[in-house]
Amino acid sequence: MTDADGFFEFRNVPSGIYKIGGMKECFYSNSLFDFNVSADGVYEVSIRLIFNDKGDDMSYCFMIGGIEVEAMGRNIVPDEIATTRKIGSGEIDHLQASNLGDVLTLVPGVEKSGQMGLAKQQNIGLRKVKRSDTGLYGFDSFGTSIIVDGNEISGDAKAVGYISGSGDQSGTDLRIIPADNIASVEVITGIPSVEYGNFTDGIVKVETKKGQVSRRFKAKFNPDTKGFSYNGGNKFDKSVFDYHVNYSYSERNLRKIGDEYQRVYGSANWSRPYFDNKLDMRLGATYTRIFDDEEPNDEYRIQNTNRGYRASGKVDLKYKPVKNVSYEFFIGADMNKEDNIKQKMVVDQLFLPYHTDISSIDTGYCSVVGLFDTVYVSGTDSIDYIDSMLMVYPYNATASQKGREWDYSLKLKRKSSHTWGKSKHDLLFGFEADYEKNSGEGVVLDSIFNYYGRSSTRRSYSFDDYPPNMKISLYAEDQFSFNLFDRPLDVLVGLRYDLFNPERLQIGFEDGFSLFDAKQGDFFSPRFNLRYRLSDDLTLRAGAGQSVKSVSLSQIYYLPKHVAYYDTVAQKTTEKVFYQVNEQLKSYVAQKAEASLDWKMSDLIGVSLTTYYTRTKDRPGTVNYPEGYDVNPDTVNIEFSYARYENNGWEDNYGAEFTLRTQRIRDLRFALNATYRYSRQGSEKLIYDADYRQTSAQWELWYPNKVDWQSKLVLDAQVSYINQRFGVWVTMDVQYTPFYRRQYVYSSNGFETLNDDGDPYTYYQGMSYWYDTEIMNYTGQWLINLRISKSLTPNAEVSLYINNFFDNRARFINPYTDSEINLNAPIYYGLEMSIQL
């Protein structure tokens, strides 16, 4: 027994080697092994116990140094009504992850073929088919919502694409979220509560470390990423202040000096209870700075720098006036500072008037030649006849992107529990508002020495020109439980209303029931889940629902197209501008249904089988139009065209997920996962072909788009060994992809011809190569990852990982082009050590 402060004392202990264990109700137990006691020694012993909010078996967890280890493991069949995967801080420490992207490789079905660290941008696309050659593509990561401590980090306010390297739709770069500060990750791929919105594929909910945490220093090293982190927390009377610092450095290309990525992260939280612990107030702030540099020391003088940062702050209030009612108020502000500069040598001929100022040109590697009589004008192939000119070849060009993305969010939530008759009800009501705005000078391109070449249609633009983006949501939900045929049944029913950029109140029924005239639409999204225990060991889960995803500002306000041409009437070169804005572009929806069967075969083994179907519709996609289409849809204009985003895309996703898990069996635990994905996507809009008469008599001015289908099977196996006495944790992961197939299916007109091998095939309108309709089959991709954690002292441990242990690169040779790619990253290792101070 200890006193109220946790102090204990053993007297007159005979000499010997002892195990000292600490146990307390609602806490995980912890033990110190092989403690040597001499006959006349006096020892100070500290045993750390971690709070167990679920109140499970006290032997559920112990410590290996600073790593929390689950001795018993979580339940072998799911507890949640929606399909969810939870990742604890112990698994994250054992993985030696650098960022959230590394952590999510622990989710079954997520491929492990990439390289951990900070070298490349990392995204996540839940339940998406990852392309073996290009990775996640297009909307694959845009529909996954990332929520960190209640604050959503999205790309909806994105008004860029030229300079940042990301497209008009892509998910959050997960490298900005360091793994060392993550307490837990919850990945929801099923039908979630109506509390969650602005997604189509799934939710990644991150909780960072906070509260009275022990001071801990951690350092890690691998060939790509080096870094350290420090966490700590102190209690002052009734308040608690915690702080977290992280620095990571990545040297990507060892052969190139100055190709580096650095991340500096800091966060702090202050919390305090009020009103007899009925009100809990928490203030938090986070700062992440990026130094992403590539120096111009190659033959093309390529220089890329990113000196942006992200800063955020929040106020989180939780009030519980009575036992069965609670309120939560959240207000957050997030600012993403863009500071990107790109520079390169443009291999292009630039013809300028003779009096042009060329003082900024580096004449050490480019030619400046004076010519007379005629000149090709910058931005066009047209000729102006003047007295003299300059020809520059090649030239150095710079592009910059500077500005800020602002995001302000407000959330109100009320929860209550009631018992009516024989049923129990958990009620949830909530309101959310989100305001996003861009500011700053934006993208700057030299009007003469254009970074994208003299014929580029791209020009400078300001972030201040973009209007704000406003989102408002209301939701209500009831989760109730009762017995059906003497078996427990849990039902969750909810409705969410999302409103995007409202203009005025206007009740209508034109495209379904609506309450407001909103530029990006308003939507009612019902969701339903049930869980029925068919027997003590067999549970059925099923659900269906809808979710809505906001489009980004860069899709609504697609950048204008500038085209230089020679005006034969005016006898001069001029520029034509096509504005490609679609302010009525709507948000798009995903409708999902899934069913699961969970079977607890024994106290040691459990299996789960989940099948799902998701239909995504009205997804934005670009559509090209000839100049004059608005006047005459049959217009044929070979010279000029423009594009804009429209709600024309669709995608169907099918899949099945099988999981087998065991509890600890003689210090060993096993897991087996089989994940099958199938997707089809296409567009309902036709494609404009101005050259349709020049190729084949069977071609059409407007022809149907192709359909892209993919299917993949991923097998994951894991075995882990944990020994509390020796303080060791060993895990081996095996991942095998029996097949990944992909094909383009054309429905346009075609004609018979011969391919390069002399074999007949059909060449369809819209094809680029004769093998575009062939099935690409990537087979036999496998790898083995190994990681080990070992305690050095009760407060310190060291961890080692070796990914792709046998260095299997899974080389794939394209049967049609003979090109080669490696599907797996090479063998890779890392070392990490931490100590609690």
# chains A, B, ... in the order shown; residues from 1 in each chain; ligands from 1

call {"tool": "residues_around", "arguments": {"residues": "Gly780 in chain A", "least_positions_apart": "5", "cutoff": "9 Å", "atoms": "only C-alpha atoms", "output": "number ranges by chain"}}
result
A: 736-739, 810

call {"tool": "residues_around", "arguments": {"residues": "Lys112 in chain A", "least_positions_apart": "5", "cutoff": "10 Å", "atoms": "only C-alpha atoms", "output": "PyMOL selection string"}}
result
chain A and resi 102+104-107+716+733-736+782-785+803-804+824-825

call {"tool": "residues_around", "arguments": {"residues": "range 680-691 of chain A", "least_positions_apart": "2", "cutoff": "7 Å", "atoms": "only C-alpha atoms", "output": "ChimeraX atom specification"}}
result
/A:624-625,636-638,648-653,693-695,701-710

call {"tool": "write_last_selection", "arguments": {"atoms": "N, CA, C and O atoms", "output": "CSV table (one decimal), in the first residue's frame"}}
result
chain,number,residue,atom,x,y,z
A,624,ASN,N,-12.9,20.6,-71.6
A,624,ASN,CA,-12.4,21.5,-72.6
A,624,ASN,C,-13.5,21.9,-73.6
A,624,ASN,O,-14.3,21.1,-74.0
A,625,TYR,N,-13.5,23.2,-73.9
A,625,TYR,CA,-14.5,23.8,-74.9
A,625,TYR,C,-13.8,24.6,-75.9
A,625,TYR,O,-12.8,25.3,-75.6
A,636,VAL,N,-16.3,24.4,-84.3
A,636,VAL,CA,-15.0,23.7,-84.4
A,636,VAL,C,-13.9,24.8,-84.5
A,636,VAL,O,-13.9,25.6,-85.4
A,637,ASN,N,-13.1,24.9,-83.5
A,637,ASN,CA,-12.1,25.9,-83.4
A,637,ASN,C,-10.7,25.2,-83.0
A,637,ASN,O,-10.5,24.7,-81.9
A,638,ILE,N,-9.9,25.1,-84.1
A,638,ILE,CA,-8.6,24.4,-83.9
A,638,ILE,C,-7.6,25.2,-83.1
A,638,ILE,O,-6.8,24.7,-82.4
A,648,ASN,N,-18.7,16.3,-63.2
A,648,ASN,CA,-18.9,15.3,-64.2
A,648,ASN,C,-18.3,13.9,-63.9
A,648,ASN,O,-18.5,13.0,-64.6
A,649,GLY,N,-17.5,13.8,-62.8
A,649,GLY,CA,-16.8,12.6,-62.5
A,649,GLY,C,-17.6,11.7,-61.6
A,649,GLY,O,-18.5,12.1,-60.8
A,650,TRP,N,-17.3,10.4,-61.7
A,650,TRP,CA,-17.9,9.4,-60.9
A,650,TRP,C,-16.9,8.3,-60.6
A,650,TRP,O,-15.9,8.1,-61.3
A,651,GLU,N,-17.1,7.6,-59.5
A,651,GLU,CA,-16.2,6.5,-59.1
A,651,GLU,C,-17.0,5.4,-58.3
A,651,GLU,O,-17.8,5.8,-57.4
A,652,ASP,N,-16.8,4.2,-58.6
A,652,ASP,CA,-17.4,3.1,-57.9
A,652,ASP,C,-16.2,2.3,-57.2
A,652,ASP,O,-15.2,1.9,-57.9
A,653,ASN,N,-16.4,2.1,-55.9
A,653,ASN,CA,-15.4,1.3,-55.2
A,653,ASN,C,-16.0,0.1,-54.5
A,653,ASN,O,-17.0,0.3,-53.7
A,693,ARG,N,-11.3,15.6,-87.8
A,693,ARG,CA,-11.4,15.4,-89.2
A,693,ARG,C,-10.1,15.0,-89.8
A,693,ARG,O,-10.0,14.5,-90.9
A,694,GLN,N,-9.0,15.3,-89.1
A,694,GLN,CA,-7.7,15.1,-89.7
A,694,GLN,C,-7.1,13.7,-89.5
A,694,GLN,O,-6.1,13.4,-90.1
A,695,THR,N,-7.7,13.0,-88.6
A,695,THR,CA,-7.2,11.7,-88.3
A,695,THR,C,-7.9,10.5,-88.9
A,695,THR,O,-7.4,9.6,-89.6
A,701,LEU,N,-16.5,15.0,-83.2
A,701,LEU,CA,-16.1,16.2,-82.6
A,701,LEU,C,-16.1,16.1,-81.1
A,701,LEU,O,-15.2,16.6,-80.4
A,702,TRP,N,-17.1,15.4,-80.5
A,702,TRP,CA,-17.2,15.1,-79.1
A,702,TRP,C,-17.3,13.6,-78.9
A,702,TRP,O,-18.2,13.0,-79.5
A,703,TYR,N,-16.4,13.0,-78.2
A,703,TYR,CA,-16.4,11.6,-78.0
A,703,TYR,C,-16.4,11.2,-76.5
A,703,TYR,O,-16.0,12.0,-75.7
A,704,PRO,N,-16.9,10.0,-76.2
A,704,PRO,CA,-17.0,9.6,-74.8
A,704,PRO,C,-15.7,9.4,-74.1
A,704,PRO,O,-14.7,8.9,-74.8
A,705,ASN,N,-15.6,9.7,-72.9
A,705,ASN,CA,-14.4,9.5,-72.1
A,705,ASN,C,-14.1,8.0,-71.8
A,705,ASN,O,-15.1,7.2,-71.8
A,706,LYS,N,-12.9,7.7,-71.6
A,706,LYS,CA,-12.6,6.3,-71.2
A,706,LYS,C,-12.9,6.0,-69.8
A,706,LYS,O,-13.1,6.9,-69.0
A,707,VAL,N,-13.0,4.7,-69.4
A,707,VAL,CA,-13.2,4.2,-68.1
A,707,VAL,C,-12.0,3.5,-67.6
A,707,VAL,O,-11.4,2.7,-68.3
A,708,ASP,N,-11.6,3.9,-66.4
A,708,ASP,CA,-10.4,3.3,-65.8
A,708,ASP,C,-10.8,2.4,-64.7
A,708,ASP,O,-11.4,2.8,-63.7
A,709,TRP,N,-10.4,1.1,-64.7
A,709,TRP,CA,-10.7,0.2,-63.6
A,709,TRP,C,-9.4,-0.4,-63.1
A,709,TRP,O,-8.4,-0.6,-63.8
A,710,GLN,N,-9.4,-0.7,-61.8
A,710,GLN,CA,-8.2,-1.3,-61.1
A,710,GLN,C,-8.7,-2.3,-60.1
A,710,GLN,O,-9.8,-2.1,-59.5

call {"tool": "select_by_dssp", "arguments": {"residues": "range 258-314 of chain A", "states": "strand (DSSP E or B)", "output": "NGL selection string"}}
result
:A and (260-274 or 279-294 or 303-306 or 309-314)

call {"tool": "write_last_selection", "arguments": {"atoms": "N, CA and C atoms", "output": "tab-separated table (two decimals), in the first residue's frame"}}
result
chain	number	residue	atom	x	y	z
A	260	GLU	N	17.81	19.11	-49.21
A	260	GLU	CA	17.50	18.82	-47.82
A	260	GLU	C	16.07	19.22	-47.48
A	261	TYR	N	15.54	18.56	-46.46
A	261	TYR	CA	14.22	18.87	-45.92
A	261	TYR	C	14.35	18.91	-44.41
A	262	GLN	N	13.94	20.02	-43.80
A	262	GLN	CA	14.01	20.16	-42.35
A	262	GLN	C	12.63	20.56	-41.82
A	263	ARG	N	12.30	20.02	-40.66
A	263	ARG	CA	11.03	20.33	-40.02
A	263	ARG	C	11.28	20.70	-38.56
A	264	VAL	N	10.76	21.86	-38.17
A	264	VAL	CA	10.84	22.32	-36.78
A	264	VAL	C	9.41	22.41	-36.25
A	265	TYR	N	9.17	21.76	-35.14
A	265	TYR	CA	7.80	21.67	-34.60
A	265	TYR	C	7.81	21.99	-33.13
A	266	GLY	N	6.80	22.74	-32.71
A	266	GLY	CA	6.62	23.01	-31.30
A	266	GLY	C	5.15	23.15	-30.97
A	267	SER	N	4.75	22.65	-29.84
A	267	SER	CA	3.35	22.78	-29.40
A	267	SER	C	3.32	22.90	-27.88
A	268	ALA	N	2.25	23.53	-27.39
A	268	ALA	CA	2.08	23.70	-25.95
A	268	ALA	C	0.60	23.71	-25.64
A	269	ASN	N	0.24	23.19	-24.47
A	269	ASN	CA	-1.15	23.16	-24.00
A	269	ASN	C	-1.20	23.58	-22.54
A	270	TRP	N	-2.25	24.31	-22.22
A	270	TRP	CA	-2.51	24.67	-20.83
A	270	TRP	C	-3.95	24.30	-20.51
A	271	SER	N	-4.16	23.58	-19.42
A	271	SER	CA	-5.50	23.12	-19.07
A	271	SER	C	-5.74	23.34	-17.58
A	272	ARG	N	-7.02	23.54	-17.27
A	272	ARG	CA	-7.39	23.76	-15.87
A	272	ARG	C	-8.87	23.48	-15.69
A	273	PRO	N	-9.25	22.80	-14.60
A	273	PRO	CA	-10.68	22.58	-14.32
A	273	PRO	C	-11.26	23.75	-13.52
A	274	TYR	N	-12.57	23.95	-13.68
A	274	TYR	CA	-13.29	25.00	-12.96
A	274	TYR	C	-14.61	24.42	-12.44
A	279	LEU	N	-16.21	22.01	-15.42
A	279	LEU	CA	-15.73	22.65	-16.64
A	279	LEU	C	-14.24	22.38	-16.79
A	280	ASP	N	-13.87	21.87	-17.97
A	280	ASP	CA	-12.45	21.64	-18.28
A	280	ASP	C	-12.09	22.56	-19.44
A	281	MET	N	-11.13	23.44	-19.21
A	281	MET	CA	-10.70	24.37	-20.25
A	281	MET	C	-9.29	24.03	-20.70
A	282	ARG	N	-9.09	24.04	-22.02
A	282	ARG	CA	-7.77	23.73	-22.57
A	282	ARG	C	-7.43	24.74	-23.67
A	283	LEU	N	-6.27	25.34	-23.55
A	283	LEU	CA	-5.73	26.24	-24.57
A	283	LEU	C	-4.54	25.56	-25.22
A	284	GLY	N	-4.45	25.62	-26.55
A	284	GLY	CA	-3.37	24.96	-27.26
A	284	GLY	C	-2.84	25.79	-28.41
A	285	ALA	N	-1.57	25.63	-28.70
A	285	ALA	CA	-0.94	26.32	-29.83
A	285	ALA	C	0.08	25.38	-30.46
A	286	THR	N	0.20	25.45	-31.80
A	286	THR	CA	1.12	24.60	-32.55
A	286	THR	C	1.81	25.42	-33.62
A	287	TYR	N	3.10	25.15	-33.83
A	287	TYR	CA	3.87	25.83	-34.86
A	287	TYR	C	4.74	24.80	-35.57
A	288	THR	N	4.67	24.78	-36.90
A	288	THR	CA	5.48	23.87	-37.72
A	288	THR	C	6.16	24.69	-38.81
A	289	ARG	N	7.47	24.63	-38.87
A	289	ARG	CA	8.24	25.36	-39.88
A	289	ARG	C	8.95	24.36	-40.78
A	290	ILE	N	8.91	24.64	-42.08
A	290	ILE	CA	9.51	23.76	-43.08
A	290	ILE	C	10.66	24.49	-43.77
A	291	PHE	N	11.78	23.79	-43.92
A	291	PHE	CA	12.90	24.26	-44.74
A	291	PHE	C	13.16	23.17	-45.79
A	292	ASP	N	12.58	23.35	-46.95
A	292	ASP	CA	12.67	22.36	-48.02
A	292	ASP	C	13.51	22.97	-49.14
A	293	ASP	N	14.77	22.55	-49.24
A	293	ASP	CA	15.73	23.20	-50.13
A	293	ASP	C	16.31	22.23	-51.14
A	294	GLU	N	16.45	22.72	-52.35
A	294	GLU	CA	17.18	22.03	-53.40
A	294	GLU	C	18.02	23.08	-54.11
A	303	GLN	N	16.57	25.02	-58.69
A	303	GLN	CA	16.54	25.43	-57.30
A	303	GLN	C	15.09	25.47	-56.83
A	304	ASN	N	14.79	24.76	-55.76
A	304	ASN	CA	13.45	24.75	-55.17
A	304	ASN	C	13.60	25.01	-53.68
A	305	THR	N	12.90	25.99	-53.19
A	305	THR	CA	12.92	26.27	-51.75
A	305	THR	C	11.49	26.43	-51.25
A	306	ASN	N	11.24	25.91	-50.06
A	306	ASN	CA	9.97	26.07	-49.38
A	306	ASN	C	10.27	26.46	-47.94
A	309	TYR	N	5.42	27.91	-43.21
A	309	TYR	CA	5.15	27.39	-41.87
A	309	TYR	C	3.64	27.35	-41.66
A	310	ARG	N	3.24	26.58	-40.68
A	310	ARG	CA	1.84	26.48	-40.28
A	310	ARG	C	1.73	26.75	-38.79
A	311	ALA	N	0.84	27.66	-38.41
A	311	ALA	CA	0.62	27.99	-37.01
A	311	ALA	C	-0.87	27.88	-36.70
A	312	SER	N	-1.19	27.36	-35.55
A	312	SER	CA	-2.59	27.18	-35.18
A	312	SER	C	-2.76	27.37	-33.69
A	313	GLY	N	-3.96	27.75	-33.32
A	313	GLY	CA	-4.30	27.89	-31.92
A	313	GLY	C	-5.74	27.46	-31.69
A	314	LYS	N	-6.07	27.07	-30.48
A	314	LYS	CA	-7.42	26.56	-30.20
A	314	LYS	C	-7.80	26.84	-28.75

call {"tool": "residues_around", "arguments": {"residues": "range 420-432 of chain A", "least_positions_apart": "2", "cutoff": "7 Å", "atoms": "only C-alpha atoms", "output": "VMD selection string"}}
result
chain A and resid 410 to 418 434 472 to 482

call {"tool": "atom_distance", "arguments": {"atom1": "CA of Arg725 in chain A", "atom2": "CA of Glu68 in chain A"}}
result
14.6 Å

call {"tool": "residues_around", "arguments": {"residues": "Lys218 in chain A", "least_positions_apart": "4", "cutoff": "9 Å", "atoms": "only C-alpha atoms", "output": "MDAnalysis selection string"}}
result
chainID A and resid 180 227:231 832:836

call {"tool": "atom_distance", "arguments": {"atom1": "CA of Tyr588 in chain A", "atom2": "CA of Lys617 in chain A"}}
result
6.3 Å

call {"tool": "closest_residue", "arguments": {"among": "A:Ile87, A:Tyr497, A:Asn246, A:Ser113", "to": "Val204 in chain A", "atoms": "only C-alpha atoms"}}
result
A:Ile87

call {"tool": "closest_residue", "arguments": {"among": "A:Gly16, A:Gly512, A:Ser170, A:Asp537", "to": "Asp603 in chain A", "atoms": "only C-alpha atoms"}}
result
A:Asp537

call {"tool": "residues_around", "arguments": {"residues": "Trp406 in chain A", "least_positions_apart": "2", "cutoff": "10 Å", "atoms": "only C-alpha atoms", "output": "list in words"}}
result
Ala157, Ala311, Ser312, Ala333, Asp334, Met335, Asn336, Lys337, Gly403, Arg404, Tyr408, Tyr435, Glu436, Lys437, Asn438, Ser439 and Pro468 of chain A

call {"tool": "residues_around", "arguments": {"residues": "Gly88 in chain A", "least_positions_apart": "2", "cutoff": "9 Å", "atoms": "only C-alpha atoms", "output": "list of chain:residue names"}}
result
A:Glu68, A:Lys86, A:Gly90, A:Glu91, A:Ile92, A:Asp93, A:Ile182, A:Ala183, A:Ser184, A:Val185, A:Glu186

call {"tool": "closest_residue", "arguments": {"among": "A:Gln96, A:Ser89, A:Thr457, A:Gln718", "to": "Ser799 in chain A", "atoms": "only C-alpha atoms"}}
result
A:Gln96

call {"tool": "atom_distance", "arguments": {"atom1": "CA of Val730 in chain A", "atom2": "CA of Leu786 in chain A"}}
result
7.6 Å

call {"tool": "closest_residue", "arguments": {"among": "A:Lys226, A:Arg127, A:Arg459, A:Lys205", "to": "Ile153 in chain A", "atoms": "only C-alpha atoms"}}
result
A:Lys205

call {"tool": "decode", "arguments": {"residues": "range 629-646 of chain A", "atoms": "N, CA, C and O atoms", "output": "compact mmCIF listing (two decimals), in the first residue's frame"}}
result
# COMPACT_ATOMS: atom_id res chain seq x y z
N TYR A 629 -18.14 28.17 -78.12
CA TYR A 629 -19.06 27.09 -77.78
C TYR A 629 -20.34 27.64 -77.17
O TYR A 629 -21.43 27.10 -77.41
N ASP A 630 -20.23 28.69 -76.34
CA ASP A 630 -21.42 29.23 -75.69
C ASP A 630 -22.42 29.77 -76.70
O ASP A 630 -23.64 29.78 -76.44
N VAL A 631 -21.95 30.19 -77.86
CA VAL A 631 -22.83 30.69 -78.91
C VAL A 631 -23.34 29.56 -79.78
O VAL A 631 -24.53 29.46 -80.10
N ASN A 632 -22.42 28.65 -80.15
CA ASN A 632 -22.77 27.55 -81.04
C ASN A 632 -22.06 26.29 -80.55
O ASN A 632 -20.85 26.16 -80.73
N PRO A 633 -22.79 25.33 -79.94
CA PRO A 633 -22.14 24.11 -79.43
C PRO A 633 -21.47 23.27 -80.50
O PRO A 633 -20.65 22.41 -80.17
N ASP A 634 -21.81 23.47 -81.77
CA ASP A 634 -21.18 22.71 -82.85
C ASP A 634 -19.94 23.38 -83.39
O ASP A 634 -19.43 23.01 -84.45
N THR A 635 -19.45 24.40 -82.68
CA THR A 635 -18.28 25.13 -83.14
C THR A 635 -17.06 24.22 -83.21
O THR A 635 -16.82 23.39 -82.33
N VAL A 636 -16.27 24.40 -84.28
CA VAL A 636 -14.99 23.72 -84.42
C VAL A 636 -13.92 24.80 -84.47
O VAL A 636 -13.87 25.59 -85.41
N ASN A 637 -13.09 24.87 -83.45
CA ASN A 637 -12.06 25.89 -83.36
C ASN A 637 -10.74 25.20 -83.04
O ASN A 637 -10.51 24.75 -81.92
N ILE A 638 -9.90 25.10 -84.06
CA ILE A 638 -8.64 24.39 -83.89
C ILE A 638 -7.64 25.22 -83.10
O ILE A 638 -6.81 24.70 -82.36
N GLU A 639 -7.74 26.53 -83.18
CA GLU A 639 -6.71 27.41 -82.63
C GLU A 639 -6.90 27.68 -81.14
O GLU A 639 -5.93 27.66 -80.38
N PHE A 640 -8.12 27.96 -80.70
CA PHE A 640 -8.33 28.40 -79.32
C PHE A 640 -9.33 27.50 -78.60
O PHE A 640 -10.36 27.12 -79.17
N SER A 641 -9.04 27.22 -77.36
CA SER A 641 -9.94 26.45 -76.50
C SER A 641 -9.72 26.87 -75.06
O SER A 641 -8.70 27.50 -74.72
N TYR A 642 -10.64 26.53 -74.20
CA TYR A 642 -10.53 26.84 -72.78
C TYR A 642 -11.12 25.66 -72.00
O TYR A 642 -11.71 24.73 -72.57
N ALA A 643 -10.94 25.67 -70.68
CA ALA A 643 -11.42 24.57 -69.83
C ALA A 643 -11.96 25.14 -68.53
O ALA A 643 -11.60 26.24 -68.11
N ARG A 644 -12.82 24.36 -67.88
CA ARG A 644 -13.29 24.71 -66.55
C ARG A 644 -13.70 23.43 -65.84
O ARG A 644 -13.97 22.40 -66.47
N TYR A 645 -13.75 23.51 -64.51
CA TYR A 645 -14.17 22.36 -63.71
C TYR A 645 -15.70 22.27 -63.71
O TYR A 645 -16.39 23.27 -63.54
N GLU A 646 -16.18 21.04 -63.88
CA GLU A 646 -17.61 20.77 -63.82
C GLU A 646 -17.83 19.48 -63.03
O GLU A 646 -16.92 18.65 -62.90
